[in-house]
Amino acid sequence: MERIDSQGLHYHELNELIKRLAEEGVREFQLDNVNGQRYLGTGLAYPDIKMVVNGVPGNDLASFMNGPEITINDNAQDAIGNTMNAGQVTVHGHAGDVLGYGMRGGRLFIKGSVGYRVGIHMKEYKKQVPVLIAGGTAGDFLGEYMAGGVLVLLGLERQPGVPLAGDYLGTGMHGGVIYLRGEVDPFTLGKEVSVFDLDEADWSLLGPHLQDFCAAFGFNYDEVCAGKFCKLIPVSNRPYGRLYCS
C-alpha cells in the first residue's frame, strides 16, 4: 500500500506521482488529506489498481479510466467517470453534477444524492454496459440524451415531500434504461420516455448490481428491493429527428 499525503499538493503534481508509481508497479494507493485535487485516476488503465481517497476529490475523477477501483470515503465533486471505460468508483457520500457523462463502461456507486445532468450521454456497446447507481435523490435532467447503460435512483432515506428526481427526467433519451425506486410525476418526464413496471428480465439485470451496491454501503438488500420500482425507457430512437429532417 502506497500512502500519499496530498495536503498542499497541486493536482498536476499529485497525478504525475500516481502515474509514475503505477508505471513502477504500485497497485494499491491511499491518498490522505485530499482537498479538491482534480483528475485523480484519469486515464489509468491498470485493472488491478485499487485506490482509497480520504477527503473530497475535485472534478473529473476517473475520467477516461479503464479498469481501476477507486473508493472515496467522503463526498465528491462534479464529472466523476467522464467517458469512463471500465472499473468502479464508490463514493461514501454525496456527489455533484454531470456524473458519468458519456460513460462507456464500468460502475459508479454513490451512497447519497447527486446533482444535475447525471448520466447524460451514457452509452453501451455489446457487453460494454455502464452502470450508475445513486442511493439518494437527483436534480434536473437525469439521464438526458442517454443512449445506453443502466441508471438507478433509489431515494433511500428521502424525506416526505422531497421529489425523487428533478424536472426533464429522461429528456432526449434514446437508449438504455432508468430504474426508479419510488413514484415519479409524469409532468417531470421528457416526452421521449414512458413509465413501465419491471419484469423478470429487469430484475435479472438490476439485482446483481443492487446486491453489490448494498454490500458496499451496508444497506439491506431485501429492504431496498421491497420498495416499489418502475423503469423509464425511450419510446423513440430518434426523439428529435424532425428538427433536422424535412
# chains A, B, ... in the order shown; residues from 1 in each chain; ligands from 1
$ residues_around --residues "Phe29 of chain A" --least-positions-apart "4" --cutoff "9 Å" --atoms "only C-alpha atoms" --output "PDB file with C-alpha atoms, in the first residue's frame"
ATOM      1  CA  MET A   1       0.000   0.000   0.000  1.00  0.00           C
ATOM      2  CA  GLU A   2       1.478   3.352  -1.103  1.00  0.00           C
ATOM      3  CA  ARG A   3       0.287   6.134   1.204  1.00  0.00           C
ATOM      4  CA  ILE A   4       0.442   9.671  -0.156  1.00  0.00           C
ATOM      5  CA  ILE A  18       0.363   8.463  -9.074  1.00  0.00           C
ATOM      6  CA  ILE A  49      -5.120  -0.867  -9.234  1.00  0.00           C
ATOM      7  CA  LYS A  50      -7.098  -0.073  -6.085  1.00  0.00           C
ATOM      8  CA  MET A  51      -7.146   3.472  -4.735  1.00  0.00           C
ATOM      9  CA  VAL A  52      -8.650   4.791  -1.491  1.00  0.00           C
ATOM     10  CA  VAL A  53      -9.269   8.546  -1.306  1.00  0.00           C
TER      11      VAL A  53
END
$ select_by_dssp --residues "segment 17-76 of chain A" --states "alpha helix (DSSP H)" --output "ChimeraX atom specification"
/A:17-23
$ residues_around --residues "Leu164 of chain A" --least-positions-apart "4" --cutoff "8 Å" --atoms "only C-alpha atoms" --output "PyMOL selection string"
chain A and resi 136-138+153+155+158+182-184
$ write_last_selection --atoms "C-alpha atoms" --output "PDB file, in the first residue's frame"
ATOM      1  CA  GLY A 136     -30.462   9.298  -2.708  1.00  0.00           C
ATOM      2  CA  THR A 137     -32.180  11.821  -4.966  1.00  0.00           C
ATOM      3  CA  ALA A 138     -31.139  13.655  -8.149  1.00  0.00           C
ATOM      4  CA  LEU A 153     -32.037   6.132  -8.439  1.00  0.00           C
ATOM      5  CA  GLY A 155     -34.341   7.610  -2.986  1.00  0.00           C
ATOM      6  CA  ARG A 158     -35.828  10.527   1.338  1.00  0.00           C
ATOM      7  CA  GLY A 182     -40.489   5.276  -5.989  1.00  0.00           C
ATOM      8  CA  GLU A 183     -43.113   7.139  -7.944  1.00  0.00           C
ATOM      9  CA  VAL A 184     -42.405   9.857 -10.451  1.00  0.00           C
TER      10      VAL A 184
END
$ residues_around --residues "Tyr46 of chain A" --least-positions-apart "5" --cutoff "8 Å" --atoms "only C-alpha atoms" --output "mmCIF file with C-alpha atoms, in the first residue's frame"
data_model
loop_
_atom_site.group_PDB
_atom_site.id
_atom_site.type_symbol
_atom_site.label_atom_id
_atom_site.label_comp_id
_atom_site.auth_asym_id
_atom_site.auth_seq_id
_atom_site.Cartn_x
_atom_site.Cartn_y
_atom_site.Cartn_z
ATOM 1 C CA ASN A 66 -10.043 1.866 -17.884
ATOM 2 C CA GLY A 67 -10.079 -0.664 -15.066
ATOM 3 C CA PRO A 68 -9.025 0.528 -11.579
#
$ closest_residue --among "A:Arg20, A:Leu189, A:Arg181, A:Glu28" --to "Val224 of chain A" --atoms "only C-alpha atoms"
A:Arg181
$ residues_around --residues "Tyr179 of chain A" --least-positions-apart "5" --cutoff "7 Å" --atoms "only C-alpha atoms" --output "PDB file with C-alpha atoms, in the first residue's frame"
ATOM      1  CA  LEU A 151     -29.083   4.318 -14.414  1.00  0.00           C
ATOM      2  CA  VAL A 152     -30.617   3.672 -10.977  1.00  0.00           C
ATOM      3  CA  LEU A 153     -32.037   6.132  -8.439  1.00  0.00           C
ATOM      4  CA  PHE A 229     -39.710   0.173  -8.584  1.00  0.00           C
ATOM      5  CA  CYS A 230     -40.562   1.422 -12.040  1.00  0.00           C
ATOM      6  CA  LYS A 231     -38.491   1.884 -15.171  1.00  0.00           C
ATOM      7  CA  LEU A 232     -38.185   4.544 -17.835  1.00  0.00           C
TER       8      LEU A 232
END
$ select_by_dssp --residues "segment 8-241 of chain A" --states "strand (DSSP E or B)" --output "PyMOL selection string"
chain A and resi 28-35+50-56+66-72+86-91+107-110+125+128+131-134+147-153+169+175-181+189+193-196+229-234
$ residues_around --residues "segment 97-105 of chain A" --least-positions-apart "3" --cutoff "6 Å" --atoms "only C-alpha atoms" --output "list in words"
Asp78, Ala79, Ile80, Gly81, Asn82, Thr83, Met84, Asn85, Ala86, Gly115, Tyr116, Arg117, Val118, Gly119, Ile120, His121, Met122, Lys123, Glu124, Gln128, Val129 and Pro130 of chain A
$ residues_around --residues "segment 191-208 of chain A" --least-positions-apart "4" --cutoff "9 Å" --atoms "only C-alpha atoms" --output "ChimeraX atom specification"
/A:150,152,168-174,179,184,186,212-213,225,229-239
$ write_last_selection --atoms "N, CA and C atoms" --output "PDB file, in the first residue's frame"
ATOM      1  N   VAL A 150     -27.283   1.519 -17.703  1.00  0.00           N
ATOM      2  CA  VAL A 150     -28.252   1.334 -16.628  1.00  0.00           C
ATOM      3  C   VAL A 150     -28.058   2.452 -15.612  1.00  0.00           C
ATOM      4  N   VAL A 152     -29.725   4.067 -12.064  1.00  0.00           N
ATOM      5  CA  VAL A 152     -30.617   3.672 -10.977  1.00  0.00           C
ATOM      6  C   VAL A 152     -30.647   4.780  -9.923  1.00  0.00           C
ATOM      7  N   TYR A 168     -37.413  17.343 -16.261  1.00  0.00           N
ATOM      8  CA  TYR A 168     -36.776  16.956 -17.524  1.00  0.00           C
ATOM      9  C   TYR A 168     -36.085  15.598 -17.416  1.00  0.00           C
ATOM     10  N   LEU A 169     -36.688  14.696 -16.667  1.00  0.00           N
ATOM     11  CA  LEU A 169     -36.151  13.358 -16.468  1.00  0.00           C
ATOM     12  C   LEU A 169     -36.227  12.564 -17.766  1.00  0.00           C
ATOM     13  N   GLY A 170     -35.062  12.109 -18.235  1.00  0.00           N
ATOM     14  CA  GLY A 170     -35.007  11.318 -19.465  1.00  0.00           C
ATOM     15  C   GLY A 170     -35.199  12.117 -20.737  1.00  0.00           C
ATOM     16  N   THR A 171     -35.043  13.423 -20.683  1.00  0.00           N
ATOM     17  CA  THR A 171     -35.225  14.244 -21.885  1.00  0.00           C
ATOM     18  C   THR A 171     -34.226  13.847 -22.974  1.00  0.00           C
ATOM     19  N   GLY A 172     -34.717  13.552 -24.163  1.00  0.00           N
ATOM     20  CA  GLY A 172     -33.854  13.170 -25.273  1.00  0.00           C
ATOM     21  C   GLY A 172     -33.312  11.760 -25.177  1.00  0.00           C
ATOM     22  N   MET A 173     -33.736  11.003 -24.213  1.00  0.00           N
ATOM     23  CA  MET A 173     -33.246   9.625 -24.030  1.00  0.00           C
ATOM     24  C   MET A 173     -33.640   8.761 -25.214  1.00  0.00           C
ATOM     25  N   HIS A 174     -32.684   7.985 -25.736  1.00  0.00           N
ATOM     26  CA  HIS A 174     -32.987   7.120 -26.871  1.00  0.00           C
ATOM     27  C   HIS A 174     -32.349   5.745 -26.762  1.00  0.00           C
ATOM     28  N   TYR A 179     -33.947   2.980 -13.817  1.00  0.00           N
ATOM     29  CA  TYR A 179     -34.759   2.345 -12.782  1.00  0.00           C
ATOM     30  C   TYR A 179     -34.937   3.314 -11.622  1.00  0.00           C
ATOM     31  N   VAL A 184     -42.886   8.666  -9.768  1.00  0.00           N
ATOM     32  CA  VAL A 184     -42.405   9.857 -10.451  1.00  0.00           C
ATOM     33  C   VAL A 184     -43.595  10.576 -11.073  1.00  0.00           C
ATOM     34  N   PRO A 186     -45.495  12.257 -13.845  1.00  0.00           N
ATOM     35  CA  PRO A 186     -45.362  12.265 -15.312  1.00  0.00           C
ATOM     36  C   PRO A 186     -45.058  13.646 -15.881  1.00  0.00           C
ATOM     37  N   ASP A 212     -24.478  -5.705  -5.004  1.00  0.00           N
ATOM     38  CA  ASP A 212     -23.137  -5.158  -4.812  1.00  0.00           C
ATOM     39  C   ASP A 212     -23.192  -3.761  -4.202  1.00  0.00           C
ATOM     40  N   PHE A 213     -24.150  -2.961  -4.633  1.00  0.00           N
ATOM     41  CA  PHE A 213     -24.326  -1.620  -4.085  1.00  0.00           C
ATOM     42  C   PHE A 213     -24.638  -1.688  -2.597  1.00  0.00           C
ATOM     43  N   CYS A 225     -35.148  -3.747  -1.995  1.00  0.00           N
ATOM     44  CA  CYS A 225     -35.969  -4.319  -3.062  1.00  0.00           C
ATOM     45  C   CYS A 225     -37.452  -4.340  -2.715  1.00  0.00           C
ATOM     46  N   PHE A 229     -40.572  -0.272  -7.497  1.00  0.00           N
ATOM     47  CA  PHE A 229     -39.710   0.173  -8.584  1.00  0.00           C
ATOM     48  C   PHE A 229     -40.520   0.371  -9.860  1.00  0.00           C
ATOM     49  N   CYS A 230     -40.069   1.292 -10.679  1.00  0.00           N
ATOM     50  CA  CYS A 230     -40.562   1.422 -12.040  1.00  0.00           C
ATOM     51  C   CYS A 230     -39.367   1.670 -12.952  1.00  0.00           C
ATOM     52  N   LYS A 231     -39.585   1.629 -14.236  1.00  0.00           N
ATOM     53  CA  LYS A 231     -38.491   1.884 -15.171  1.00  0.00           C
ATOM     54  C   LYS A 231     -38.928   2.872 -16.236  1.00  0.00           C
ATOM     55  N   LEU A 232     -37.974   3.648 -16.708  1.00  0.00           N
ATOM     56  CA  LEU A 232     -38.185   4.544 -17.835  1.00  0.00           C
ATOM     57  C   LEU A 232     -37.389   4.026 -19.013  1.00  0.00           C
ATOM     58  N   ILE A 233     -38.037   3.881 -20.124  1.00  0.00           N
ATOM     59  CA  ILE A 233     -37.348   3.530 -21.356  1.00  0.00           C
ATOM     60  C   ILE A 233     -37.865   4.439 -22.464  1.00  0.00           C
ATOM     61  N   PRO A 234     -37.028   4.672 -23.474  1.00  0.00           N
ATOM     62  CA  PRO A 234     -37.455   5.564 -24.558  1.00  0.00           C
ATOM     63  C   PRO A 234     -38.485   4.902 -25.454  1.00  0.00           C
ATOM     64  N   VAL A 235     -39.380   5.699 -25.964  1.00  0.00           N
ATOM     65  CA  VAL A 235     -40.392   5.206 -26.895  1.00  0.00           C
ATOM     66  C   VAL A 235     -40.083   5.641 -28.324  1.00  0.00           C
ATOM     67  N   SER A 236     -38.928   6.295 -28.503  1.00  0.00           N
ATOM     68  CA  SER A 236     -38.474   6.687 -29.836  1.00  0.00           C
ATOM     69  C   SER A 236     -36.956   6.629 -29.842  1.00  0.00           C
ATOM     70  N   ASN A 237     -36.373   6.123 -30.933  1.00  0.00           N
ATOM     71  CA  ASN A 237     -34.907   6.109 -31.016  1.00  0.00           C
ATOM     72  C   ASN A 237     -34.368   7.310 -31.781  1.00  0.00           C
ATOM     73  N   ARG A 238     -35.275   8.201 -32.236  1.00  0.00           N
ATOM     74  CA  ARG A 238     -34.849   9.449 -32.880  1.00  0.00           C
ATOM     75  C   ARG A 238     -35.756  10.561 -32.372  1.00  0.00           C
ATOM     76  N   PRO A 239     -35.601  10.922 -31.087  1.00  0.00           N
ATOM     77  CA  PRO A 239     -36.566  11.841 -30.474  1.00  0.00           C
ATOM     78  C   PRO A 239     -36.635  13.211 -31.116  1.00  0.00           C
TER      79      PRO A 239
END
$ closest_residue --among "A:Gln77, A:Asn59, A:His209, A:Leu154" --to "Lys228 of chain A" --atoms "only C-alpha atoms"
A:Leu154
$ atom_distance --atom1 "atom CA of Gly41 of chain A" --atom2 "atom CA of Gly139 of chain A"
25.8 Å
$ closest_residue --among "A:Asp60, A:Asp48, A:Asp32, A:Asp5" --to "Asp74 of chain A" --atoms "only C-alpha atoms"
A:Asp32
